[in-house]
$ cat model_17.csv   # CSV, C-alpha atoms and all ligand atoms
chain,number,residue,atom,x,y,z
S,1,MET,CA,98.5,135.9,98.2
S,2,LYS,CA,101.2,137.2,100.5
S,3,SER,CA,104.4,136.7,98.5
S,4,GLU,CA,105.3,135.4,95.1
S,5,ALA,CA,108.5,133.8,96.4
S,6,GLY,CA,106.5,131.9,99.1
S,7,TYR,CA,104.0,130.8,96.5
S,8,ASN,CA,106.7,129.5,94.1
S,9,LEU,CA,108.4,127.6,97.0
S,10,LEU,CA,105.0,126.0,97.8
S,11,ILE,CA,104.6,124.8,94.1
S,12,THR,CA,108.2,123.4,94.1
S,13,GLY,CA,107.5,121.7,97.4
S,14,LEU,CA,104.3,120.1,96.1
S,15,ARG,CA,106.1,118.8,93.0
S,16,ASN,CA,109.0,117.5,95.1
S,17,ALA,CA,106.5,115.8,97.4
S,18,HIS,CA,104.8,114.2,94.4
S,19,ALA,CA,108.2,112.9,93.2
S,20,MET,CA,108.8,111.6,96.7
S,21,GLU,CA,105.5,109.7,96.6
S,22,SER,CA,106.3,108.2,93.2
S,23,GLN,CA,109.6,107.0,94.7
S,24,ALA,CA,107.7,105.7,97.8
S,25,ARG,CA,105.4,103.7,95.4
S,26,GLU,CA,108.4,102.1,93.7
S,27,ILE,CA,110.0,101.2,97.0
S,28,LEU,CA,106.8,99.7,98.4
S,29,GLU,CA,106.1,97.7,95.2
S,30,ARG,CA,109.7,96.3,95.3
S,31,GLN,CA,109.4,95.4,99.0
S,32,ILE,CA,105.9,93.8,98.7
S,33,GLU,CA,107.3,91.4,96.1
S,34,ARG,CA,110.0,90.3,98.6
S,35,THR,CA,108.3,90.0,102.0
S,36,ASN,CA,106.7,86.5,101.6
S,37,ASP,CA,108.4,85.4,104.8
S,38,TYR,CA,106.8,88.3,106.7
S,39,PRO,CA,103.0,88.3,106.0
S,40,ASN,CA,102.2,91.0,108.5
S,41,VAL,CA,104.8,93.3,107.0
S,42,LYS,CA,103.6,92.5,103.5
S,43,ALA,CA,99.9,93.3,104.4
S,44,LYS,CA,100.9,96.6,106.0
S,45,LEU,CA,103.1,97.6,103.0
S,46,LYS,CA,100.1,96.8,100.7
S,47,GLU,CA,97.9,98.9,102.8
S,48,HIS,CA,100.4,101.8,102.7
S,49,LEU,CA,100.8,101.4,98.9
S,50,LYS,CA,97.1,102.2,98.6
S,51,GLU,CA,97.5,105.2,100.9
S,52,THR,CA,100.6,106.3,98.9
S,53,ASN,CA,98.6,106.3,95.6
S,54,GLU,CA,95.9,108.4,97.3
S,55,GLN,CA,98.6,110.8,98.6
S,56,SER,CA,99.9,111.3,95.1
S,57,ARG,CA,96.4,112.0,93.9
S,58,ARG,CA,95.9,114.5,96.7
S,59,LEU,CA,99.1,116.3,95.7
S,60,GLU,CA,97.9,116.5,92.2
S,61,GLU,CA,94.7,118.0,93.6
S,62,CYS,CA,96.7,120.5,95.6
S,63,LEU,CA,98.7,121.6,92.4
S,64,ASP,CA,95.4,121.8,90.5
S,65,LYS,CA,94.0,124.2,93.2
S,66,CYS,CA,97.1,126.3,92.6
S,67,GLY,CA,96.3,126.4,88.9
S,68,GLU,CA,99.4,124.3,88.0
S,69,SER,CA,99.4,121.7,85.3
S,70,PRO,CA,99.7,118.1,86.4
S,71,SER,CA,101.9,117.1,83.4
S,72,VAL,CA,104.8,119.2,84.8
S,73,VAL,CA,104.7,117.0,87.8
S,74,LYS,CA,106.0,114.0,86.0
S,75,ASP,CA,109.2,115.8,85.1
S,76,ALA,CA,110.0,116.5,88.7
S,77,ALA,CA,109.2,112.9,89.6
S,78,LEU,CA,111.7,111.6,87.0
S,79,ALA,CA,114.3,114.1,88.0
S,80,THR,CA,114.4,113.0,91.6
S,81,MET,CA,114.0,109.3,90.9
S,82,GLY,CA,116.9,107.5,92.3
S,83,ASN,CA,117.4,109.8,95.3
S,84,PHE,CA,116.1,107.0,97.5
S,85,ALA,CA,117.3,104.1,95.5
S,86,ALA,CA,119.6,103.2,98.3
S,87,LEU,CA,116.6,102.3,100.3
S,88,SER,CA,116.2,99.0,98.5
S,89,HIS,CA,118.4,96.4,99.9
S,90,SER,CA,117.4,93.4,97.8
S,91,ILE,CA,120.8,91.7,97.9
S,92,ALA,CA,121.5,91.9,101.6
S,93,SER,CA,120.9,88.8,103.7
S,94,ASP,CA,119.3,91.0,106.4
S,95,GLU,CA,117.2,92.7,103.8
S,96,ILE,CA,114.1,92.8,106.0
S,97,ILE,CA,116.0,94.6,108.8
S,98,LYS,CA,117.6,97.2,106.4
S,99,ASN,CA,114.3,97.8,104.7
S,100,THR,CA,112.5,98.3,108.1
S,101,LEU,CA,115.0,100.8,109.2
S,102,ALA,CA,114.9,102.6,105.8
S,103,ASN,CA,111.1,102.7,106.0
S,104,ASN,CA,111.4,104.1,109.5
S,105,MET,CA,113.6,106.9,108.1
S,106,PHE,CA,111.5,107.4,104.9
S,107,GLU,CA,108.2,107.7,106.7
S,108,ASN,CA,109.7,110.3,109.1
S,109,PHE,CA,111.0,112.2,106.0
S,110,GLU,CA,107.5,112.2,104.6
S,111,ILE,CA,106.1,113.5,107.9
S,112,GLY,CA,108.5,116.4,107.8
S,113,THR,CA,107.7,117.1,104.2
S,114,TYR,CA,103.9,117.4,104.8
S,115,LYS,CA,104.5,119.5,107.9
S,116,THR,CA,106.6,121.9,105.9
S,117,LEU,CA,104.0,122.0,103.1
S,118,ILE,CA,101.2,122.8,105.5
S,119,VAL,CA,103.2,125.8,106.8
S,120,MET,CA,104.0,127.0,103.3
S,121,ALA,CA,100.4,126.6,102.1
S,122,ASN,CA,99.1,128.6,105.2
S,123,ASN,CA,101.8,131.2,104.5
S,124,ALA,CA,100.7,131.5,100.9
S,125,GLY,CA,97.0,131.6,101.8
S,126,ILE,CA,96.2,128.5,99.7
S,127,GLU,CA,93.4,126.3,101.1
S,128,ILE,CA,95.0,122.9,100.9
S,129,LYS,CA,95.7,122.2,104.6
S,130,GLN,CA,93.0,119.5,104.9
S,131,LEU,CA,94.3,117.5,102.0
S,132,LEU,CA,97.9,117.7,103.3
S,133,THR,CA,96.9,116.9,106.9
S,134,ARG,CA,95.1,113.7,105.7
S,135,SER,CA,98.3,112.5,104.1
S,136,LEU,CA,100.4,113.6,107.2
S,137,ARG,CA,98.2,111.5,109.5
S,138,GLU,CA,98.6,108.4,107.3
S,139,GLU,CA,102.4,108.9,107.3
S,140,GLU,CA,102.4,109.3,111.1
S,141,GLN,CA,100.4,106.1,111.4
S,142,MET,CA,102.8,104.2,109.1
S,143,ALA,CA,105.9,105.6,110.9
S,144,ALA,CA,104.4,104.6,114.3
S,145,TRP,CA,103.6,101.1,112.9
S,146,VAL,CA,107.2,100.6,111.6
S,147,SER,CA,108.7,101.9,114.8
S,148,ASP,CA,106.4,99.7,117.0
S,149,ASN,CA,107.2,96.6,114.9
S,150,ILE,CA,111.1,96.8,114.8
S,151,GLU,CA,111.4,94.4,117.7
S,152,LYS,CA,108.8,91.9,116.4
S,153,ILE,CA,110.3,91.9,112.9
S,154,THR,CA,113.8,91.5,114.3
S,155,LEU,CA,112.7,88.5,116.3
S,156,GLU,CA,111.0,87.0,113.3
S,157,PHE,CA,114.1,87.5,111.2
S,158,LEU,CA,116.2,85.8,113.9
S,159,ALA,CA,113.8,82.9,114.1
S,160,ILE,CA,113.9,82.4,110.3
S,161,GLN,CA,117.8,82.6,110.3
S,162,ASP,CA,117.8,79.9,113.0
S,163,ARG,CA,115.5,77.6,111.0
S,164,LYS,CA,117.7,78.1,107.9
S,165,ALA,CA,120.8,77.2,109.9
S,166,VAL,CA,119.4,73.8,111.0
S,201,FE,FE,104.5,107.0,103.5
$ encode --input "model_17.csv" --output "structure tokens" --more "lines below"
Ligand SMILES: [Fe+2]
Amino acid sequence: MKSEAGYNLLITGLRNAHAMESQAREILERQIERTNDYPNVKAKLKEHLKETNEQSRRLEECLDKCGESPSVVKDAALATMGNFAALSHSIASDEIIKNTLANNMFENFEIGTYKTLIVMANNAGIEIKQLLTRSLREEEQMAAWVSDNIEKITLEFLAIQDRKAV
């Protein structure tokens, strides 16, 4: 191990990422309940919820490899809960648009988080790059899907608003 400070920063980073994925799970569950008008979005969110659960499990595996107890993780998850509460826009009339833009932002935040963790893990000499890279690839795919679908979702939203106005 190169430096104790670097190692401690990695552990904190892994715990924060676990809290981030807990928050992601909540946001996805909330959005899945409320996207009946957008079946393609709903299906994709459900798919990413499964990935998110797996990402949480991978982070627990990473912490386990560092010899850290998984029970401590829950405290961090609770402490940071609410950080992203603003990402739920359940009372806005253009909820689907706001949520799509928030998801675009959130997935990119997750991408940055995993990139940082990979650097920290390599620096600390901990062999968890493969686990982190798998999650990074999933976040990149989800971010690309959201970005690629902004136009389609906006057009669907406009069509639904038109139908409601008749
Ligand atoms: Fe994600």
$ closest_residue --input "model_17.csv" --among "S:Val119, S:Ala165, S:Leu59, S:Met20" --to "ligand FE 201 (chain S)" --atoms "all atoms listed in the file"
S:Met20
$ closest_atom_pairs --input "model_17.csv" --of "chain S" --to "ligand FE 201 (chain S)" --cutoff "9 Å" --atoms "all atoms listed in the file" --output "Markdown table"
| residue | atom | partner | partner_atom | distance |
| --- | --- | --- | --- | --- |
| S:Glu21 | CA | S:FE201 | FE | 7.5 |
| S:Ala24 | CA | S:FE201 | FE | 6.7 |
| S:Arg25 | CA | S:FE201 | FE | 8.8 |
| S:His48 | CA | S:FE201 | FE | 6.7 |
| S:Leu49 | CA | S:FE201 | FE | 8.1 |
| S:Glu51 | CA | S:FE201 | FE | 7.7 |
| S:Thr52 | CA | S:FE201 | FE | 6.1 |
| S:Gln55 | CA | S:FE201 | FE | 8.6 |
| S:Asn103 | CA | S:FE201 | FE | 8.3 |
| S:Phe106 | CA | S:FE201 | FE | 7.1 |
| S:Glu107 | CA | S:FE201 | FE | 4.9 |
| S:Asn108 | CA | S:FE201 | FE | 8.3 |
| S:Phe109 | CA | S:FE201 | FE | 8.7 |
| S:Glu110 | CA | S:FE201 | FE | 6.1 |
| S:Ile111 | CA | S:FE201 | FE | 8.0 |
| S:Ser135 | CA | S:FE201 | FE | 8.3 |
| S:Leu136 | CA | S:FE201 | FE | 8.6 |
| S:Glu138 | CA | S:FE201 | FE | 7.2 |
| S:Glu139 | CA | S:FE201 | FE | 4.7 |
| S:Glu140 | CA | S:FE201 | FE | 8.2 |
| S:Gln141 | CA | S:FE201 | FE | 8.9 |
| S:Met142 | CA | S:FE201 | FE | 6.5 |
| S:Ala143 | CA | S:FE201 | FE | 7.7 |
$ write_last_selection --input "model_17.csv" --atoms "C-alpha atoms" --output "PDB file, keeping the file's coordinate frame"
ATOM      1  CA  GLU S  21     105.500 109.700  96.600  1.00  0.00           C
ATOM      2  CA  ALA S  24     107.700 105.700  97.800  1.00  0.00           C
ATOM      3  CA  ARG S  25     105.400 103.700  95.400  1.00  0.00           C
ATOM      4  CA  HIS S  48     100.400 101.800 102.700  1.00  0.00           C
ATOM      5  CA  LEU S  49     100.800 101.400  98.900  1.00  0.00           C
ATOM      6  CA  GLU S  51      97.500 105.200 100.900  1.00  0.00           C
ATOM      7  CA  THR S  52     100.600 106.300  98.900  1.00  0.00           C
ATOM      8  CA  GLN S  55      98.600 110.800  98.600  1.00  0.00           C
ATOM      9  CA  ASN S 103     111.100 102.700 106.000  1.00  0.00           C
ATOM     10  CA  PHE S 106     111.500 107.400 104.900  1.00  0.00           C
ATOM     11  CA  GLU S 107     108.200 107.700 106.700  1.00  0.00           C
ATOM     12  CA  ASN S 108     109.700 110.300 109.100  1.00  0.00           C
ATOM     13  CA  PHE S 109     111.000 112.200 106.000  1.00  0.00           C
ATOM     14  CA  GLU S 110     107.500 112.200 104.600  1.00  0.00           C
ATOM     15  CA  ILE S 111     106.100 113.500 107.900  1.00  0.00           C
ATOM     16  CA  SER S 135      98.300 112.500 104.100  1.00  0.00           C
ATOM     17  CA  LEU S 136     100.400 113.600 107.200  1.00  0.00           C
ATOM     18  CA  GLU S 138      98.600 108.400 107.300  1.00  0.00           C
ATOM     19  CA  GLU S 139     102.400 108.900 107.300  1.00  0.00           C
ATOM     20  CA  GLU S 140     102.400 109.300 111.100  1.00  0.00           C
ATOM     21  CA  GLN S 141     100.400 106.100 111.400  1.00  0.00           C
ATOM     22  CA  MET S 142     102.800 104.200 109.100  1.00  0.00           C
ATOM     23  CA  ALA S 143     105.900 105.600 110.900  1.00  0.00           C
TER      24      ALA S 143
END
$ closest_residue --input "model_17.csv" --among "S:Ser56, S:Glu26, S:Cys66, S:Glu47" --to "Glu127 in chain S" --atoms "all atoms listed in the file"
S:Cys66
$ closest_residue --input "model_17.csv" --among "S:Ala92, S:Leu28, S:Ala17, S:Leu9" --to "Lys46 in chain S" --atoms "all atoms listed in the file"
S:Leu28
$ residues_around --input "model_17.csv" --residues "Glu68 in chain S" --least-positions-apart "4" --cutoff "12 Å" --atoms "only C-alpha atoms" --output "ChimeraX atom specification"
/S:7-8,10-12,14-15,59-64,72-73
$ atom_distance --input "model_17.csv" --atom1 "CA of Lys129 in chain S" --atom2 "CA of Arg58 in chain S"
11.0 Å
$ atom_distance --input "model_17.csv" --atom1 "CA of Val146 in chain S" --atom2 "CA of Leu117 in chain S"
23.2 Å
$ residues_around --input "model_17.csv" --residues "Asn40 in chain S" --least-positions-apart "5" --cutoff "10 Å" --atoms "all atoms listed in the file" --output "PyMOL selection string"
chain S and resi 35+45-46+149+153
$ atom_distance --input "model_17.csv" --atom1 "CA of Asn122 in chain S" --atom2 "CA of Arg137 in chain S"
17.7 Å
$ closest_residue --input "model_17.csv" --among "S:Thr154, S:Asn123, S:Asn53, S:Gln130" --to "Glu29 in chain S" --atoms "only C-alpha atoms"
S:Asn53
$ residues_near_point --input "model_17.csv" --point "(104.9, 121.2, 101.6)" --cutoff "7 Å" --atoms "all atoms listed in the file" --output "list of chain:residue names"
S:Leu10, S:Gly13, S:Leu14, S:Thr113, S:Tyr114, S:Lys115, S:Thr116, S:Leu117, S:Ile118, S:Met120
$ closest_residue --input "model_17.csv" --among "S:Ala19, S:Ile160, S:Met105, S:Val41" --to "Ser93 in chain S" --atoms "all atoms listed in the file"
S:Ile160
$ decode --input "model_17.csv" --residues "range 123-155 of chain S" --atoms "N, CA, C and O atoms" --output "short mmCIF file (atom, residue, chain, number, x, y, z; two decimals), in the first residue's frame"
data_model
loop_
_atom_site.label_atom_id
_atom_site.label_comp_id
_atom_site.auth_asym_id
_atom_site.auth_seq_id
_atom_site.Cartn_x
_atom_site.Cartn_y
_atom_site.Cartn_z
N ASN S 123 -4.10 3.81 -7.31
CA ASN S 123 -3.10 4.53 -6.50
C ASN S 123 -2.83 3.81 -5.18
O ASN S 123 -1.70 3.77 -4.71
N ALA S 124 -3.90 3.23 -4.61
CA ALA S 124 -3.75 2.53 -3.32
C ALA S 124 -3.28 1.09 -3.52
O ALA S 124 -3.02 0.39 -2.53
N GLY S 125 -3.21 0.65 -4.77
CA GLY S 125 -2.76 -0.72 -5.04
C GLY S 125 -3.80 -1.77 -4.67
O GLY S 125 -3.44 -2.91 -4.35
N ILE S 126 -5.09 -1.40 -4.69
CA ILE S 126 -6.17 -2.35 -4.37
C ILE S 126 -6.77 -2.87 -5.69
O ILE S 126 -7.12 -2.08 -6.57
N GLU S 127 -6.93 -4.19 -5.78
CA GLU S 127 -7.37 -4.82 -7.04
C GLU S 127 -8.89 -4.84 -7.17
O GLU S 127 -9.52 -5.89 -7.04
N ILE S 128 -9.48 -3.68 -7.42
CA ILE S 128 -10.94 -3.65 -7.58
C ILE S 128 -11.33 -2.94 -8.89
O ILE S 128 -12.49 -2.62 -9.11
N LYS S 129 -10.34 -2.74 -9.74
CA LYS S 129 -10.59 -1.99 -10.98
C LYS S 129 -11.66 -2.66 -11.85
O LYS S 129 -12.50 -1.99 -12.44
N GLN S 130 -11.62 -3.99 -11.94
CA GLN S 130 -12.58 -4.71 -12.80
C GLN S 130 -14.01 -4.49 -12.35
O GLN S 130 -14.90 -4.24 -13.17
N LEU S 131 -14.23 -4.58 -11.04
CA LEU S 131 -15.58 -4.39 -10.49
C LEU S 131 -16.06 -2.97 -10.79
O LEU S 131 -17.20 -2.75 -11.23
N LEU S 132 -15.19 -1.99 -10.54
CA LEU S 132 -15.57 -0.57 -10.74
C LEU S 132 -15.79 -0.28 -12.23
O LEU S 132 -16.70 0.48 -12.58
N THR S 133 -14.98 -0.88 -13.08
CA THR S 133 -15.10 -0.63 -14.52
C THR S 133 -16.41 -1.18 -15.07
O THR S 133 -17.04 -0.57 -15.93
N ARG S 134 -16.85 -2.33 -14.53
CA ARG S 134 -18.14 -2.88 -14.99
C ARG S 134 -19.27 -1.90 -14.70
O ARG S 134 -20.14 -1.65 -15.53
N SER S 135 -19.25 -1.33 -13.50
CA SER S 135 -20.29 -0.35 -13.13
C SER S 135 -20.15 0.92 -13.97
O SER S 135 -21.16 1.48 -14.42
N LEU S 136 -18.91 1.35 -14.19
CA LEU S 136 -18.67 2.54 -15.02
C LEU S 136 -19.28 2.36 -16.41
O LEU S 136 -19.95 3.26 -16.92
N ARG S 137 -19.08 1.19 -17.01
CA ARG S 137 -19.61 0.94 -18.37
C ARG S 137 -21.14 1.02 -18.37
O ARG S 137 -21.74 1.55 -19.30
N GLU S 138 -21.77 0.47 -17.33
CA GLU S 138 -23.24 0.53 -17.25
C GLU S 138 -23.72 1.98 -17.14
O GLU S 138 -24.71 2.35 -17.76
N GLU S 139 -23.02 2.76 -16.33
CA GLU S 139 -23.41 4.18 -16.17
C GLU S 139 -23.22 4.93 -17.50
O GLU S 139 -24.05 5.77 -17.86
N GLU S 140 -22.15 4.60 -18.20
CA GLU S 140 -21.90 5.26 -19.49
C GLU S 140 -23.01 4.91 -20.49
O GLU S 140 -23.47 5.77 -21.25
N GLN S 141 -23.43 3.64 -20.47
CA GLN S 141 -24.50 3.22 -21.38
C GLN S 141 -25.81 3.92 -21.04
O GLN S 141 -26.55 4.36 -21.92
N MET S 142 -26.09 4.02 -19.73
CA MET S 142 -27.33 4.68 -19.31
C MET S 142 -27.29 6.17 -19.66
O MET S 142 -28.28 6.73 -20.15
N ALA S 143 -26.16 6.80 -19.40
CA ALA S 143 -26.01 8.24 -19.72
C ALA S 143 -26.22 8.47 -21.22
O ALA S 143 -26.90 9.41 -21.63
N ALA S 144 -25.65 7.58 -22.03
CA ALA S 144 -25.78 7.70 -23.49
C ALA S 144 -27.24 7.52 -23.90
O ALA S 144 -27.76 8.26 -24.74
N TRP S 145 -27.92 6.54 -23.28
CA TRP S 145 -29.34 6.30 -23.60
C TRP S 145 -30.17 7.54 -23.27
O TRP S 145 -31.00 7.97 -24.08
N VAL S 146 -29.96 8.09 -22.09
CA VAL S 146 -30.74 9.27 -21.68
C VAL S 146 -30.50 10.41 -22.67
O VAL S 146 -31.43 11.00 -23.20
N SER S 147 -29.22 10.67 -22.93
CA SER S 147 -28.87 11.77 -23.83
C SER S 147 -29.46 11.55 -25.22
O SER S 147 -30.04 12.47 -25.82
N ASP S 148 -29.37 10.33 -25.72
CA ASP S 148 -29.88 10.01 -27.06
C ASP S 148 -31.40 10.09 -27.14
O ASP S 148 -31.95 10.15 -28.25
N ASN S 149 -32.07 10.02 -25.99
CA ASN S 149 -33.54 9.97 -26.00
C ASN S 149 -34.21 11.27 -25.57
O ASN S 149 -35.44 11.33 -25.49
N ILE S 150 -33.42 12.31 -25.31
CA ILE S 150 -34.01 13.59 -24.88
C ILE S 150 -35.00 14.11 -25.94
O ILE S 150 -36.11 14.52 -25.61
N GLU S 151 -34.59 14.02 -27.19
CA GLU S 151 -35.45 14.53 -28.27
C GLU S 151 -36.75 13.73 -28.37
O GLU S 151 -37.85 14.30 -28.40
N LYS S 152 -36.63 12.41 -28.37
CA LYS S 152 -37.80 11.52 -28.49
C LYS S 152 -38.76 11.74 -27.31
O LYS S 152 -39.98 11.84 -27.50
N ILE S 153 -38.22 11.80 -26.11
CA ILE S 153 -39.06 11.97 -24.91
C ILE S 153 -39.77 13.33 -24.96
O ILE S 153 -40.95 13.44 -24.63
N THR S 154 -39.05 14.35 -25.40
CA THR S 154 -39.66 15.69 -25.49
C THR S 154 -40.81 15.68 -26.49
O THR S 154 -41.88 16.25 -26.22
N LEU S 155 -40.61 15.01 -27.63
CA LEU S 155 -41.69 14.93 -28.64
C LEU S 155 -42.89 14.15 -28.10
O LEU S 155 -44.04 14.54 -28.32
#
